[in-house]
Each structure stands twice: as C-alpha cells, then as structure tokens.
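Here is my_file20.txt, consisting of compact mmCIF, C-alpha atoms:
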```txt
# COMPACT_ATOMS: atom_id res chain seq x y z
CA MET A 1 -109.95 1.96 -59.55
CA LYS A 2 -113.40 3.38 -58.75
CA TYR A 3 -112.31 6.84 -59.99
CA LYS A 4 -110.94 5.37 -63.23
CA LEU A 5 -114.23 3.57 -63.86
CA LEU A 6 -116.24 6.66 -62.98
CA PHE A 7 -114.17 8.95 -65.20
CA ALA A 8 -114.31 6.45 -68.08
CA ALA A 9 -118.10 6.42 -67.79
CA LEU A 10 -118.18 10.22 -67.75
CA ALA A 11 -115.99 10.38 -70.84
CA SER A 12 -118.37 8.04 -72.62
CA THR A 13 -121.34 10.21 -71.61
CA VAL A 14 -119.63 13.37 -72.85
CA LEU A 15 -118.89 11.71 -76.18
CA SER A 16 -122.47 10.55 -76.58
CA THR A 17 -123.88 14.05 -76.10
CA LEU A 18 -121.40 16.22 -78.03
CA VAL A 19 -122.68 15.53 -81.54
CA VAL A 20 -123.58 17.56 -84.60
CA GLY A 21 -125.50 16.66 -87.72
CA ASN A 22 -123.78 16.13 -91.07
CA GLN A 23 -125.22 16.93 -94.47
CA ASP A 24 -126.95 13.54 -94.62
CA GLY A 25 -128.68 14.17 -91.31
CA ALA A 26 -126.64 11.56 -89.43
CA ALA A 27 -125.06 12.51 -86.15
CA GLN A 28 -121.31 12.55 -85.79
CA PRO A 29 -119.11 13.60 -82.87
CA LYS A 30 -118.13 17.22 -82.54
CA PRO A 31 -114.37 17.54 -81.96
CA HIS A 32 -113.63 17.83 -78.26
CA LEU A 33 -110.94 17.10 -75.74
CA VAL A 34 -111.77 15.42 -72.42
CA GLY A 35 -109.42 15.94 -69.49
CA MET A 36 -109.59 13.83 -66.33
CA THR A 37 -107.39 13.25 -63.31
CA ASP A 38 -106.56 9.84 -61.88
CA LYS A 39 -108.62 10.64 -58.77
CA ASP A 40 -110.79 13.38 -57.28
CA PRO A 41 -108.84 16.50 -58.31
CA LEU A 42 -109.29 18.18 -54.93
CA THR A 43 -107.61 15.43 -52.89
CA TYR A 44 -103.92 15.55 -53.81
CA ARG A 45 -101.23 16.11 -51.18
CA PRO A 46 -97.90 17.96 -51.46
CA ASN A 47 -95.51 16.33 -53.93
CA GLU A 48 -98.01 13.56 -54.70
CA ALA A 49 -98.01 12.51 -58.34
CA MET A 50 -101.09 13.65 -60.22
CA ALA A 51 -101.93 12.36 -63.68
CA PHE A 52 -104.16 14.07 -66.23
CA THR A 53 -105.46 11.93 -69.09
CA LEU A 54 -106.33 13.92 -72.20
CA THR A 55 -108.62 11.97 -74.53
CA PRO A 56 -109.15 13.41 -78.03
CA HIS A 57 -112.37 13.02 -80.01
CA GLY A 58 -112.50 14.21 -83.59
CA ASN A 59 -110.07 14.57 -86.47
CA GLY A 60 -107.22 16.15 -84.55
CA THR A 61 -103.63 15.15 -85.23
CA THR A 62 -101.79 16.69 -82.26
CA ILE A 63 -102.39 17.48 -78.60
CA ARG A 64 -100.41 20.42 -77.24
CA TRP A 65 -100.44 21.07 -73.50
CA LYS A 66 -99.08 23.55 -70.98
CA ARG A 67 -98.93 23.15 -67.21
CA THR A 68 -98.72 26.18 -64.91
CA GLY A 69 -99.65 26.53 -61.28
CA ASP A 70 -99.30 28.14 -57.89
CA ASP A 71 -95.64 27.15 -57.71
CA GLY A 72 -94.61 29.26 -60.72
CA LYS A 73 -93.40 26.19 -62.59
CA VAL A 74 -94.14 25.85 -66.32
CA GLU A 75 -94.10 22.56 -68.24
CA GLN A 76 -95.31 21.93 -71.77
CA GLY A 77 -95.28 19.34 -74.47
CA GLU A 78 -97.12 17.76 -77.36
CA ALA A 79 -97.99 14.33 -78.66
CA THR A 80 -99.85 12.72 -81.51
CA ALA A 81 -103.60 12.56 -81.03
CA ASP A 82 -104.06 8.94 -82.06
CA ALA A 83 -104.40 7.86 -78.42
CA PRO A 84 -105.00 9.42 -74.99
CA VAL A 85 -102.12 11.50 -73.63
CA VAL A 86 -101.12 11.32 -69.97
CA VAL A 87 -99.55 14.38 -68.34
CA LYS A 88 -97.94 13.79 -64.95
CA THR A 89 -97.01 16.53 -62.53
CA SER A 90 -97.15 17.54 -58.86
CA LEU A 91 -97.28 20.59 -56.58
CA TYR A 92 -95.31 21.06 -53.39
CA ARG A 93 -97.65 23.38 -51.46
CA PRO A 94 -101.36 24.06 -50.94
CA GLY A 95 -102.66 25.42 -54.22
CA PHE A 96 -103.67 24.44 -57.73
CA VAL A 97 -102.13 23.17 -60.91
CA ARG A 98 -103.59 24.41 -64.20
CA LEU A 99 -103.48 22.34 -67.36
CA VAL A 100 -104.41 23.87 -70.72
CA ALA A 101 -104.48 21.56 -73.72
CA GLU A 102 -105.44 22.01 -77.36
CA LEU A 103 -106.45 19.48 -79.99
CA VAL A 104 -104.96 20.61 -83.31
CA ASP A 105 -105.87 19.39 -86.80
CA ALA A 106 -103.56 18.77 -89.75
CA SER A 107 -103.71 22.42 -90.85
CA GLY A 108 -102.54 23.63 -87.44
CA LYS A 109 -105.98 24.89 -86.41
CA THR A 110 -107.13 24.40 -82.83
CA ILE A 111 -110.39 22.46 -82.98
CA ALA A 112 -110.91 21.70 -79.27
CA ARG A 113 -109.56 22.85 -75.92
CA PHE A 114 -109.43 21.67 -72.33
CA ASP A 115 -108.69 24.07 -69.47
CA GLY A 116 -108.80 22.49 -66.04
CA GLY A 117 -106.79 21.63 -63.01
CA ALA A 118 -106.26 19.89 -59.70
CA GLY A 119 -105.55 21.02 -56.16
CA VAL A 120 -103.18 20.16 -53.33
CA ASP A 121 -104.27 20.50 -49.69
CA VAL A 122 -107.13 22.63 -50.94
CA GLU A 123 -108.69 22.87 -47.48
CA LYS A 124 -105.53 24.61 -46.19
CA ILE A 125 -105.53 27.49 -48.68
CA ARG A 126 -105.99 30.86 -47.00
CA PRO A 127 -105.58 34.51 -48.10
CA ASP A 128 -101.98 35.30 -48.98
CA ASN A 129 -101.97 38.78 -47.48
CA PRO A 130 -103.14 39.93 -44.03
CA GLU A 131 -106.38 41.88 -43.96
CA PRO A 132 -106.20 45.57 -43.01
CA ASP A 133 -105.84 46.08 -39.26
CA ASP A 134 -108.81 48.45 -39.19
CA PHE A 135 -111.04 46.36 -41.48
CA ASP A 136 -114.05 46.37 -39.15
CA ALA A 137 -113.60 50.01 -38.15
CA PHE A 138 -113.44 50.99 -41.82
CA TRP A 139 -116.78 49.35 -42.53
CA ALA A 140 -118.34 50.76 -39.37
CA ARG A 141 -117.46 54.24 -40.65
CA HIS A 142 -118.93 53.48 -44.07
CA LYS A 143 -122.16 52.20 -42.59
CA ALA A 144 -122.40 55.35 -40.49
CA THR A 145 -121.83 57.50 -43.59
CA LEU A 146 -124.58 55.65 -45.44
CA ALA A 147 -126.95 56.00 -42.47
CA GLN A 148 -126.64 59.80 -42.74
CA VAL A 149 -128.35 59.64 -46.14
CA PRO A 150 -132.10 59.07 -45.57
CA MET A 151 -134.07 56.85 -47.94
CA ASP A 152 -137.06 59.21 -47.81
CA GLY A 153 -136.35 60.50 -51.30
CA ALA A 154 -136.50 57.06 -52.94
CA THR A 155 -138.55 56.93 -56.13
CA CYS A 156 -140.48 53.86 -57.21
CA ARG A 157 -142.01 54.31 -60.68
CA GLU A 158 -144.22 51.53 -61.98
CA VAL A 159 -143.50 50.33 -65.51
CA PRO A 160 -145.36 47.71 -67.56
CA SER A 161 -144.38 44.20 -66.48
CA GLY A 162 -146.18 42.41 -69.30
CA ARG A 163 -147.83 40.17 -66.70
CA ASP A 164 -150.98 40.32 -64.59
CA ASP A 165 -149.42 38.56 -61.62
CA VAL A 166 -146.34 40.79 -61.19
CA LYS A 167 -145.88 44.50 -60.64
CA LEU A 168 -142.61 46.01 -61.88
CA TYR A 169 -140.94 49.23 -60.78
CA GLU A 170 -137.87 51.31 -61.58
CA VAL A 171 -136.39 52.32 -58.23
CA SER A 172 -133.82 54.98 -57.41
CA ILE A 173 -132.71 55.22 -53.79
CA PRO A 174 -130.62 58.06 -52.33
CA CYS A 175 -127.20 56.76 -51.40
CA ALA A 176 -123.75 57.78 -50.24
CA GLY A 177 -121.19 57.97 -53.01
CA PRO A 178 -121.44 59.49 -56.48
CA ARG A 179 -124.74 57.95 -57.62
CA PRO A 180 -127.94 56.51 -56.18
CA SER A 181 -128.71 52.83 -55.82
CA THR A 182 -130.93 51.87 -58.75
CA GLY A 183 -132.63 48.73 -59.95
CA PHE A 184 -135.71 46.99 -61.22
CA LEU A 185 -138.00 45.83 -58.43
CA SER A 186 -140.62 43.16 -59.11
CA ILE A 187 -143.32 42.33 -56.56
CA PRO A 188 -146.11 39.73 -56.82
CA ALA A 189 -149.40 41.45 -57.62
CA LYS A 190 -151.34 39.40 -55.08
CA PRO A 191 -151.25 41.13 -51.67
CA GLY A 192 -149.22 39.29 -49.08
CA LYS A 193 -145.82 38.80 -47.50
CA TYR A 194 -143.05 37.34 -49.66
CA PRO A 195 -139.43 36.21 -49.51
CA ALA A 196 -136.96 38.52 -51.22
CA ARG A 197 -133.96 38.11 -53.49
CA VAL A 198 -131.41 40.67 -54.68
CA HIS A 199 -129.55 39.89 -57.89
CA PHE A 200 -126.23 41.38 -59.02
CA HIS A 201 -124.47 41.49 -62.40
CA GLY A 202 -121.01 40.64 -63.72
CA TYR A 203 -118.38 43.19 -64.76
CA ASN A 204 -119.22 43.58 -68.44
CA ALA A 205 -122.70 42.12 -68.07
CA SER A 206 -123.60 45.08 -65.85
CA TRP A 207 -123.44 47.34 -68.91
CA LEU A 208 -125.38 45.13 -71.33
CA PRO A 209 -128.96 45.86 -72.43
CA ALA A 210 -130.26 42.96 -70.31
CA ALA A 211 -129.09 44.80 -67.17
CA ARG A 212 -130.11 48.33 -68.08
CA ASN A 213 -133.42 47.85 -69.93
CA THR A 214 -136.81 46.71 -68.66
CA PRO A 215 -136.70 42.97 -67.85
CA LYS A 216 -138.56 40.51 -70.05
CA PRO A 217 -141.84 39.22 -68.58
CA THR A 218 -140.54 35.64 -68.54
CA SER A 219 -137.71 36.65 -66.17
CA LEU A 220 -140.06 37.90 -63.45
CA SER A 221 -141.25 35.98 -60.40
CA ALA A 222 -144.81 35.81 -59.09
CA ASP A 223 -143.85 34.24 -55.77
CA SER A 224 -141.06 36.46 -54.47
CA ILE A 225 -139.79 40.03 -54.34
CA VAL A 226 -136.79 40.49 -56.64
CA LEU A 227 -134.51 43.51 -56.86
CA ASP A 228 -132.27 43.43 -59.93
CA LEU A 229 -129.68 45.92 -58.75
CA SER A 230 -127.41 48.01 -60.97
CA ALA A 231 -123.76 47.94 -60.00
CA HIS A 232 -123.35 51.54 -61.15
CA GLY A 233 -126.45 53.47 -60.11
CA TYR A 234 -127.31 54.49 -63.65
CA GLU A 235 -130.67 55.40 -65.15
CA PHE A 236 -132.53 52.80 -67.18
CA ASN A 237 -133.72 52.56 -70.78
CA ARG A 238 -131.41 55.34 -71.95
CA ASP A 239 -129.67 55.57 -75.32
CA GLU A 240 -126.37 53.80 -76.00
CA ALA A 241 -124.37 57.04 -75.82
CA TYR A 242 -125.46 57.61 -72.21
CA TYR A 243 -124.00 54.27 -71.07
CA LYS A 244 -120.88 54.63 -73.17
CA ASP A 245 -120.15 58.06 -71.72
CA LEU A 246 -120.92 56.96 -68.17
CA ARG A 247 -118.68 53.91 -68.38
CA LYS A 248 -115.84 56.09 -69.65
CA ALA A 249 -116.43 58.53 -66.78
CA CYS A 250 -116.33 55.65 -64.28
CA GLY A 251 -112.76 54.83 -65.32
CA SER A 252 -109.66 56.75 -64.34
CA ASN A 253 -106.11 57.31 -65.59
CA GLY A 254 -106.78 55.34 -68.75
CA HIS A 255 -108.12 52.30 -66.88
CA ASP A 256 -111.61 50.86 -66.98
CA TYR A 257 -113.53 51.15 -63.73
CA ALA A 258 -111.99 49.52 -60.65
CA PHE A 259 -108.69 48.72 -62.40
CA ASP A 260 -106.70 51.87 -61.64
CA PRO A 261 -103.90 51.08 -59.13
CA ALA A 262 -103.46 54.75 -58.21
CA GLN A 263 -107.15 55.18 -57.44
CA ASN A 264 -107.28 51.88 -55.55
CA THR A 265 -104.44 52.97 -53.26
CA ASP A 266 -107.01 55.05 -51.37
CA PRO A 267 -109.93 52.80 -50.31
CA GLU A 268 -112.15 55.88 -49.96
CA GLN A 269 -111.59 56.77 -53.62
CA ALA A 270 -111.63 53.27 -55.11
CA TYR A 271 -114.53 52.59 -57.45
CA PHE A 272 -115.61 49.73 -55.23
CA CYS A 273 -116.33 52.23 -52.44
CA GLY A 274 -119.38 53.65 -54.22
CA MET A 275 -120.43 50.20 -55.39
CA THR A 276 -120.51 48.85 -51.84
CA TYR A 277 -122.66 51.78 -50.73
CA ARG A 278 -125.14 50.95 -53.51
CA VAL A 279 -125.16 47.28 -52.51
CA MET A 280 -125.89 48.05 -48.87
CA ARG A 281 -128.55 50.63 -49.70
CA GLY A 282 -130.30 48.30 -52.16
CA LEU A 283 -130.69 45.63 -49.50
CA GLU A 284 -131.81 48.16 -46.89
CA TYR A 285 -134.52 49.28 -49.30
CA VAL A 286 -135.78 45.73 -49.91
CA LYS A 287 -135.92 45.13 -46.15
CA SER A 288 -138.00 48.29 -45.77
CA ARG A 289 -140.67 47.12 -48.20
CA PRO A 290 -143.96 46.19 -46.49
CA GLU A 291 -144.33 43.19 -48.82
CA TRP A 292 -141.19 41.50 -47.46
CA ASP A 293 -141.88 38.59 -45.10
CA GLY A 294 -139.05 39.63 -42.78
CA LYS A 295 -137.59 36.12 -42.91
CA THR A 296 -135.97 35.17 -46.22
CA LEU A 297 -133.43 37.37 -47.96
CA VAL A 298 -131.29 35.78 -50.67
CA VAL A 299 -128.47 37.41 -52.64
CA ASP A 300 -126.95 36.00 -55.81
CA GLY A 301 -124.83 36.78 -58.86
CA GLY A 302 -121.87 35.63 -60.89
CA SER A 303 -118.32 36.98 -61.15
CA GLN A 304 -118.58 40.65 -60.11
CA GLY A 305 -122.16 39.83 -59.15
CA GLY A 306 -120.81 37.07 -56.93
CA LEU A 307 -118.46 39.56 -55.28
CA GLN A 308 -121.35 41.94 -54.64
CA SER A 309 -123.47 39.15 -53.16
CA ILE A 310 -120.61 38.36 -50.76
CA TRP A 311 -120.36 42.03 -49.76
CA ALA A 312 -124.11 42.03 -49.13
CA ALA A 313 -124.01 38.94 -46.92
CA ALA A 314 -121.07 40.30 -44.93
CA LEU A 315 -122.21 43.90 -44.53
CA VAL A 316 -126.02 43.80 -44.27
CA PRO A 317 -127.72 41.98 -41.38
CA GLY A 318 -130.54 39.62 -42.27
CA VAL A 319 -129.24 37.88 -45.39
CA THR A 320 -130.25 34.23 -45.08
CA GLU A 321 -128.49 32.78 -48.12
CA CYS A 322 -125.69 33.94 -50.40
CA ARG A 323 -125.43 32.20 -53.80
CA PRO A 324 -122.36 33.39 -55.68
CA PHE A 325 -120.91 31.58 -58.65
CA ILE A 326 -117.43 32.05 -60.14
CA PRO A 327 -116.97 34.82 -57.52
CA TRP A 328 -114.52 37.55 -58.49
CA ASN A 329 -111.77 39.16 -56.39
CA CYS A 330 -111.24 36.40 -53.87
CA ASN A 331 -107.69 36.67 -52.47
CA ILE A 332 -106.89 39.58 -54.79
CA GLY A 333 -103.28 39.61 -53.66
CA GLY A 334 -102.73 35.95 -54.55
CA PRO A 335 -100.84 36.68 -57.80
CA ALA A 336 -98.47 39.01 -55.95
CA ALA A 337 -97.68 36.05 -53.68
CA GLY A 338 -96.94 33.75 -56.61
CA ARG A 339 -100.39 32.34 -57.31
CA ALA A 340 -101.29 31.60 -60.92
CA ARG A 341 -103.63 34.06 -62.62
CA GLY A 342 -104.96 35.00 -66.02
CA ASP A 343 -104.23 38.16 -67.97
CA TRP A 344 -107.36 40.01 -66.81
CA HIS A 345 -106.99 40.93 -63.15
CA ILE A 346 -106.91 43.98 -60.88
CA PRO A 347 -103.31 44.82 -59.84
CA TRP A 348 -102.88 44.26 -56.14
CA VAL A 349 -102.53 47.17 -53.74
CA ALA A 350 -103.00 46.72 -50.01
CA ALA A 351 -106.10 48.94 -49.83
CA LEU A 352 -108.01 46.41 -51.93
CA GLY A 353 -107.98 44.21 -48.84
CA TYR A 354 -111.04 46.11 -47.61
CA TYR A 355 -113.03 44.80 -50.58
CA ASP A 356 -111.54 41.33 -50.90
CA ALA A 357 -114.20 38.59 -50.80
CA ALA A 358 -111.84 36.33 -48.84
CA ASN A 359 -111.67 38.91 -46.03
CA MET A 360 -115.42 39.49 -46.19
CA ALA A 361 -115.98 35.75 -45.69
CA ARG A 362 -115.21 35.88 -41.98
CA ARG A 363 -117.92 38.56 -41.49
CA ILE A 364 -120.76 36.50 -42.95
CA PRO A 365 -122.80 35.39 -39.92
CA LYS A 366 -123.68 31.81 -39.07
CA THR A 367 -127.33 32.63 -39.75
CA CYS A 368 -126.49 32.91 -43.47
CA ARG A 369 -125.72 29.91 -45.64
CA VAL A 370 -123.22 30.37 -48.48
CA ASN A 371 -123.71 28.20 -51.56
CA VAL A 372 -121.03 28.69 -54.21
CA THR A 373 -123.16 27.17 -56.94
CA TRP A 374 -120.12 26.56 -59.14
CA ALA A 375 -116.46 27.43 -59.51
CA GLY A 376 -114.24 26.46 -62.44
CA LEU A 377 -111.02 24.51 -62.06
CA GLY A 378 -109.92 26.19 -65.29
CA ASP A 379 -111.14 29.70 -64.41
CA TYR A 380 -108.19 32.07 -64.10
CA ILE A 381 -110.20 35.27 -64.04
CA CYS A 382 -111.48 33.96 -60.71
CA PRO A 383 -108.63 31.54 -59.92
CA PRO A 384 -109.52 28.42 -57.94
CA SER A 385 -106.93 29.22 -55.28
CA GLY A 386 -108.74 32.50 -54.58
CA VAL A 387 -112.16 30.86 -54.44
CA ALA A 388 -110.73 28.23 -52.08
CA ALA A 389 -109.28 30.97 -49.83
CA PHE A 390 -112.72 32.58 -49.67
CA TYR A 391 -114.50 29.30 -49.01
CA ASN A 392 -112.05 28.20 -46.33
CA ASN A 393 -112.41 31.52 -44.50
CA LEU A 394 -116.17 31.08 -44.12
CA THR A 395 -117.36 30.21 -40.62
CA CYS A 396 -121.03 29.78 -41.57
CA PRO A 397 -122.80 26.77 -43.15
CA LYS A 398 -121.37 26.42 -46.64
CA GLN A 399 -121.18 24.38 -49.80
CA ILE A 400 -119.32 24.60 -53.10
CA LYS A 401 -119.37 22.77 -56.42
CA TRP A 402 -116.08 22.59 -58.34
CA VAL A 403 -116.36 21.94 -62.08
CA GLN A 404 -113.57 20.30 -64.06
CA GLY A 405 -112.89 21.94 -67.41
CA ALA A 406 -114.99 25.01 -66.56
CA THR A 407 -113.53 28.42 -67.32
CA HIS A 408 -114.94 31.88 -66.66
CA GLY A 409 -118.55 31.66 -67.78
CA TYR A 410 -118.06 28.33 -69.62
CA TYR A 411 -119.62 25.26 -68.05
CA PRO A 412 -118.84 22.09 -70.04
CA PRO A 413 -121.70 19.78 -71.01
CA ASN A 414 -121.89 16.72 -68.77
CA ALA A 415 -119.03 18.11 -66.72
CA GLN A 416 -117.36 16.32 -63.84
CA THR A 417 -118.34 18.08 -60.63
CA PHE A 418 -116.90 17.75 -57.13
CA SER A 419 -118.89 19.10 -54.20
CA ARG A 420 -117.93 19.99 -50.66
CA SER A 421 -120.06 21.19 -47.76
CA ALA A 422 -119.87 21.95 -44.05
CA ASN A 423 -122.50 22.87 -41.47
CA GLN A 424 -120.43 24.89 -39.04
```
As a first step, turn the structure in this file into structure tokens.
Amino acid sequence: MKYKLLFAALASTVLSTLVVGNQDGAAQPKPHLVGMTDKDPLTYRPNEAMAFTLTPHGNGTTIRWKRTGDDGKVEQGEATADAPVVVKTSLYRPGFVRLVAELVDASGKTIARFDGGAGVDVEKIRPDNPEPDDFDAFWARHKATLAQVPMDGATCREVPSGRDDVKLYEVSIPCAGPRPSTGFLSIPAKPGKYPARVHFHGYNASWLPAARNTPKPTSLSADSIVLDLSAHGYEFNRDEAYYKDLRKACGSNGHDYAFDPAQNTDPEQAYFCGMTYRVMRGLEYVKSRPEWDGKTLVVDGGSQGGLQSIWAAALVPGVTECRPFIPWNCNIGGPAAGRARGDWHIPWVAALGYYDAANMARRIPKTCRVNVTWAGLGDYICPPSGVAAFYNNLTCPKQIKWVQGATHGYYPPNAQTFSRSANQ
C-alpha cells in the first residue's frame, strides 16, 4: 500500500510539472505517459508477479506496449487510453524485464513514450562470461609498456581561460599506443595545493566541439585541478575536416572505432588498447603536477566516459572516487548469453573481457568509492543487467541510483529513483 500511495503522489507531481503554454497563455498538460510498478522495481523475486501501471496524460487514444527481457520472452498488446493500463508479467531468473509503451493519438502518431523496467534478484546478477585467465598479467604488461615511455616530452601550452582565477592549458603527453594523451588542464590561479578531477567523454560526445575546442570560462573550476581528457589523443581547435578524417581512420573494416569484431579479437590491436593507455597516462600526469594535494583524485564521465572512469579507478593507484553514470560496456557478453540489449552494441568476442567494466570492478581498491550517479531502467545501450553485474562485482564502498523511465542520456523530469549503497 505504501508503494501505491508513493507512486500515486509521484504521478501527480509529474503531471503538475509537465505543462506547456497554449495560445491564450494558460498552462495545459504536455502529453506524457507515466509508468510505475506495484512496488520497488528492484525487489522482485523469480516468478513473482510484477505489475506495471501505464497512466496516459494528454489526447492519446491508444496505448501500445511491448515487453522484452533477459529471458528472451516477448509479449505485446494495446488498449484504449481512456484509463490506466496494467501490464502483468514475471521473470524466472536474476535479470531485468523491459517495458516499452507508446501513447498514440487518433492519427496514429506517437505523442508520448515510456521505456522502463524492473529487476529480479538484482543483487545476484554477475558477469555472464568468465574473465580472461591472464587478466591481471595482461594489465601488468600494459603498465610496463606505458612505463617505458617517459613523460619528459609533455607539452603544456597556456591558452586564454577567460577568467582571472583559473589558468588553462592544452596538454599533450607522450604515451604508448598510436597517439599521445591530450586534454585541457585547468588549475586555480592562486598558488596552493588542490584536489584533482579527471573527466571523460561519451562515444559520440568525444568528437563534438565541446570536447575538442577550448572550454567555456563558466565550465572551469577555481577550487580544483581538472583535466578534461580526450578519448582519442587528438589535437584541439582544428578544422572539421581534421576530426572527420581522424574518426574515419580510427575505424576499421567498415566499422566505427571499437566496433570491429575482427580487430577486437586481438586485445593488443583493439581500439580500446590505445584508449586505456591514454587514460592511464592522463592520470599519471595529473598526479605528477606540483599543484595536486596528493590526497583527492576523482574520475567521472558518462557512457563511454563512465567506462573510462572505471578503467582509471581500476588501473591507476590513488583514485579516491569514481563517479560514472550510465556506464558503457558492463558485461559486454551479456547479449550473447541471452540478456536483452538494444540495437547499438559492440559484438561480443572473448578478448573484450580485458576491457569489460564488470571485470575491472574487482580491481578497484577499497580506498576508492564508486558512485554510479545514475543508471536507467530503460537504457538498453547500457543495459541494466550489465550495470548490475558491474555494481555487484565491486568490493569497495559503493552506491548507485536507478532511475525509472530513464533511457540512454534521457532523465525524466521528477523521475522515480531507487538508490542502493554498501560500505564494504
């Protein structure tokens, strides 16, 4: 009963905030579709009935829904949108159910959508494939290879920050792999010792102007060192053709970077190999800066940036907090084992196990706290079963916030959130 009352209150709050103005200036609801489960969506058990209530708001006439999940089962249906629609289902094993629903108007146009889910024995989800037998030896070799490349040749060119209280630099640091580790480094202008943070970018976001051009003054910090690290080791403030050509060169066999199964079969040739070198070298450089306080080192990023932050916490000593959100490539082999996935995913080959965030989780030391700032129950670019496998493999202090109705990069207004934490 308490969940029903809570979810009813949340639905009312969502309705009160999703409004748009009409021509007369009066507010009226924007069409939307609220999906809620009959209890905390992370607490179901195998074969337990779960009920989703889909409540339409707006001038829709029909609700169409489709249920998929980690059991391979597909169910779908539709009903008139003159009242809430209840969809009942279950799941027999640890994993997640996904429910996608659309509110359709009289012309057949989709005017609102809900994409969410619920989990069964979520705390029992683990990676679906064994990690490589030589996982730790592999990374020991890579760290040794990186150590053979001295940082003496690093360049640090000051560029205008647009602020008196922050100094900004373009940095390029010699690195193993095909390109250097590059980024924008901001340091408070006032002499002193400061905490440090390294930020990483998402897959497509890493090629956008915001990642490759001089940061805006408002994005800089006057109380901490921040390295905004490029995933690709490119130069900054170049023309569009430079980035277009480089991105094409980063791909192989007709695939965009990191998606080529043939290339990924060899972990030494996989695109992620060079990227991990750049991640490790970027953090080593920040730790070498005399302005760093030697105490606080935070890493963060979303999607691919979340994956890179996990690599950093697992591979570089001294990281004190890892803050990924919607982290990518957790339990990469999950789809091959029958887990639900979206259309955009890297095909599984065993060598990807070296780069899998779920395998990295066990290497993050207890001195580092991991805070998954949010993960979407409707995100099937970074499926919830994969994020759960990563989270459950952590042996350090940890917390996570699950968001109902959130997809990849979409966080619903006034969303239902469900948090978990453990101080291990």
What's the 8 Å shell around Val149 of chain A, counting all atoms listed in the file, without same-chain residues fewer than 4 positions away, as a PDB file with C-alpha atoms, in the coordinates of the input?
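Produced file result-v9.pdb, reproduced below:
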```pdb
ATOM      1  CA  THR A 145    -121.830  57.500 -43.590  1.00  0.00           C
ATOM      2  CA  PRO A 174    -130.620  58.060 -52.330  1.00  0.00           C
ATOM      3  CA  CYS A 175    -127.200  56.760 -51.400  1.00  0.00           C
ATOM      4  CA  ALA A 176    -123.750  57.780 -50.240  1.00  0.00           C
TER       5      ALA A 176
END
```
Handout entry: Which of A:Pro188, A:Gly108, A:Gly302, A:Gly338 sits closest to Ala205 of chain A [using all atoms listed in the file]
Key = A:Gly302
Determine, using all atoms listed in the file, which residues of segment 218-304 of chain A have any atom at most 12 Å from an atom of segment 116-139 of chain A, and tabulate each with its shortest atom pair and distance in Å to one decimal place, rows ordered by chain and then rising number, as CSV.
```
residue,atom,partner,partner_atom,distance
A:Pro267,CA,A:Phe138,CA,9.4
A:Glu268,CA,A:Phe138,CA,9.6
A:Cys273,CA,A:Trp139,CA,10.3
A:Thr276,CA,A:Trp139,CA,10.0
A:Tyr277,CA,A:Trp139,CA,10.4
A:Met280,CA,A:Trp139,CA,11.2
```
Problem - Residue nearest Val87 of chain A - candidates A:Thr53, A:Ser303, A:Ser172, A:Thr214, atoms counted: all atoms listed in the file - result: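 Smallest separation from Val87 of chain A among the options: A:Thr53.
Among the candidate residues A:Val86, A:Arg278, A:Pro335, A:Pro347, the one lying nearest to Trp311 of chain A is A:Arg278, with distances computed using only C-alpha atoms.
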Exercise for the section: Point out the residue among A:Leu394, A:Ile63, A:Ala422, A:Ile326 with the least atom-to-atom distance to Val85 of chain A, counting all atoms listed in the file. Expected result: A:Ile63
Practice task
Tell me which protein, DNA and RNA residues are within 8 Å of segment 363-373 of chain A, counting all atoms listed in the file, leaving out same-chain ones fewer than 6 positions away, and put them as a PyMOL selection string.
Solution key: chain A and resi 313-315+318-326+394-401+424
Handout entry: Close residues, His201 of chain A itself excluded, 9 Å, all atoms listed in the file, min 4 positions apart in chain, as a PyMOL selection string
Key = chain A and resi 205-207+211+228-231+300-306+308
Handout entry: Residue nearest Ser90 of chain A - candidates A:Thr407, A:Thr68, A:Thr155, A:Asn331, atoms counted: only C-alpha atoms
Key = A:Thr68
Exercise for the section: Please work out which residues fall within 8 Å of (-137.3, 52.7, -56.3), coordinates as given in the file, with all atoms listed in the file counting, and return them as a PyMOL selection string. Expected result: chain A and resi 154-157+169-173+182-185
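Counting all atoms listed in the file and comparing A:Ala270, A:Val279, A:Ala258, A:Val316, the residue that lies closest to Gly233 of chain A is A:Val279.
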Handout entry: Separation of atom CA of Ala79 of chain A from atom CA of His57 of chain A in Å
Key =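 It comes out at 14.5 Å.
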Practice task
Between atom CA of Asp379 of chain A and atom CA of Gly95 of chain A, measure the distance and give it in Å to one decimal.
Solution key: 13.9 Å
Exercise for the section: Please indicate the distance in Å from atom CA of Gly378 of chain A to atom CA of Asp38 of chain A, rounded to one decimal place. Expected result: 17.0 Å
Show me, as a tab-separated table, the residues of segment 214-301 of chain A having an atom within 8 Å of segment 160-165 of chain A, each with the closest atom pair and its distance in Å, using only C-alpha atoms.
```
residue	atom	partner	partner_atom	distance
A:Pro215	CA	A:Ser161	CA	7.9
A:Lys216	CA	A:Ser161	CA	7.8
A:Pro217	CA	A:Gly162	CA	5.4
A:Ala222	CA	A:Asp165	CA	5.9
```
Problem - Exercise: Ala357 of chain A partners within 8 Å, all atoms listed in the file, chain neighbours under 6 positions left out, as a PyMOL selection string - result: chain A and resi 307+310-311+328-331+390
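With all atoms listed in the file taken into account, the protein and nucleic acid residues at most 7 Å from Trp348 of chain A (excluding it and anything under 4 positions from it in its own chain) are Ile332, Gly333, Ala336 and Leu352 of chain A.
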Handout entry: Sphere at (-96.5, 29.2, -57.9), radius 10 Å, counting only C-alpha atoms: residues as a VMD selection string
Key = chain A and resid 68 to 74 91 to 97 334 to 335 337 to 341
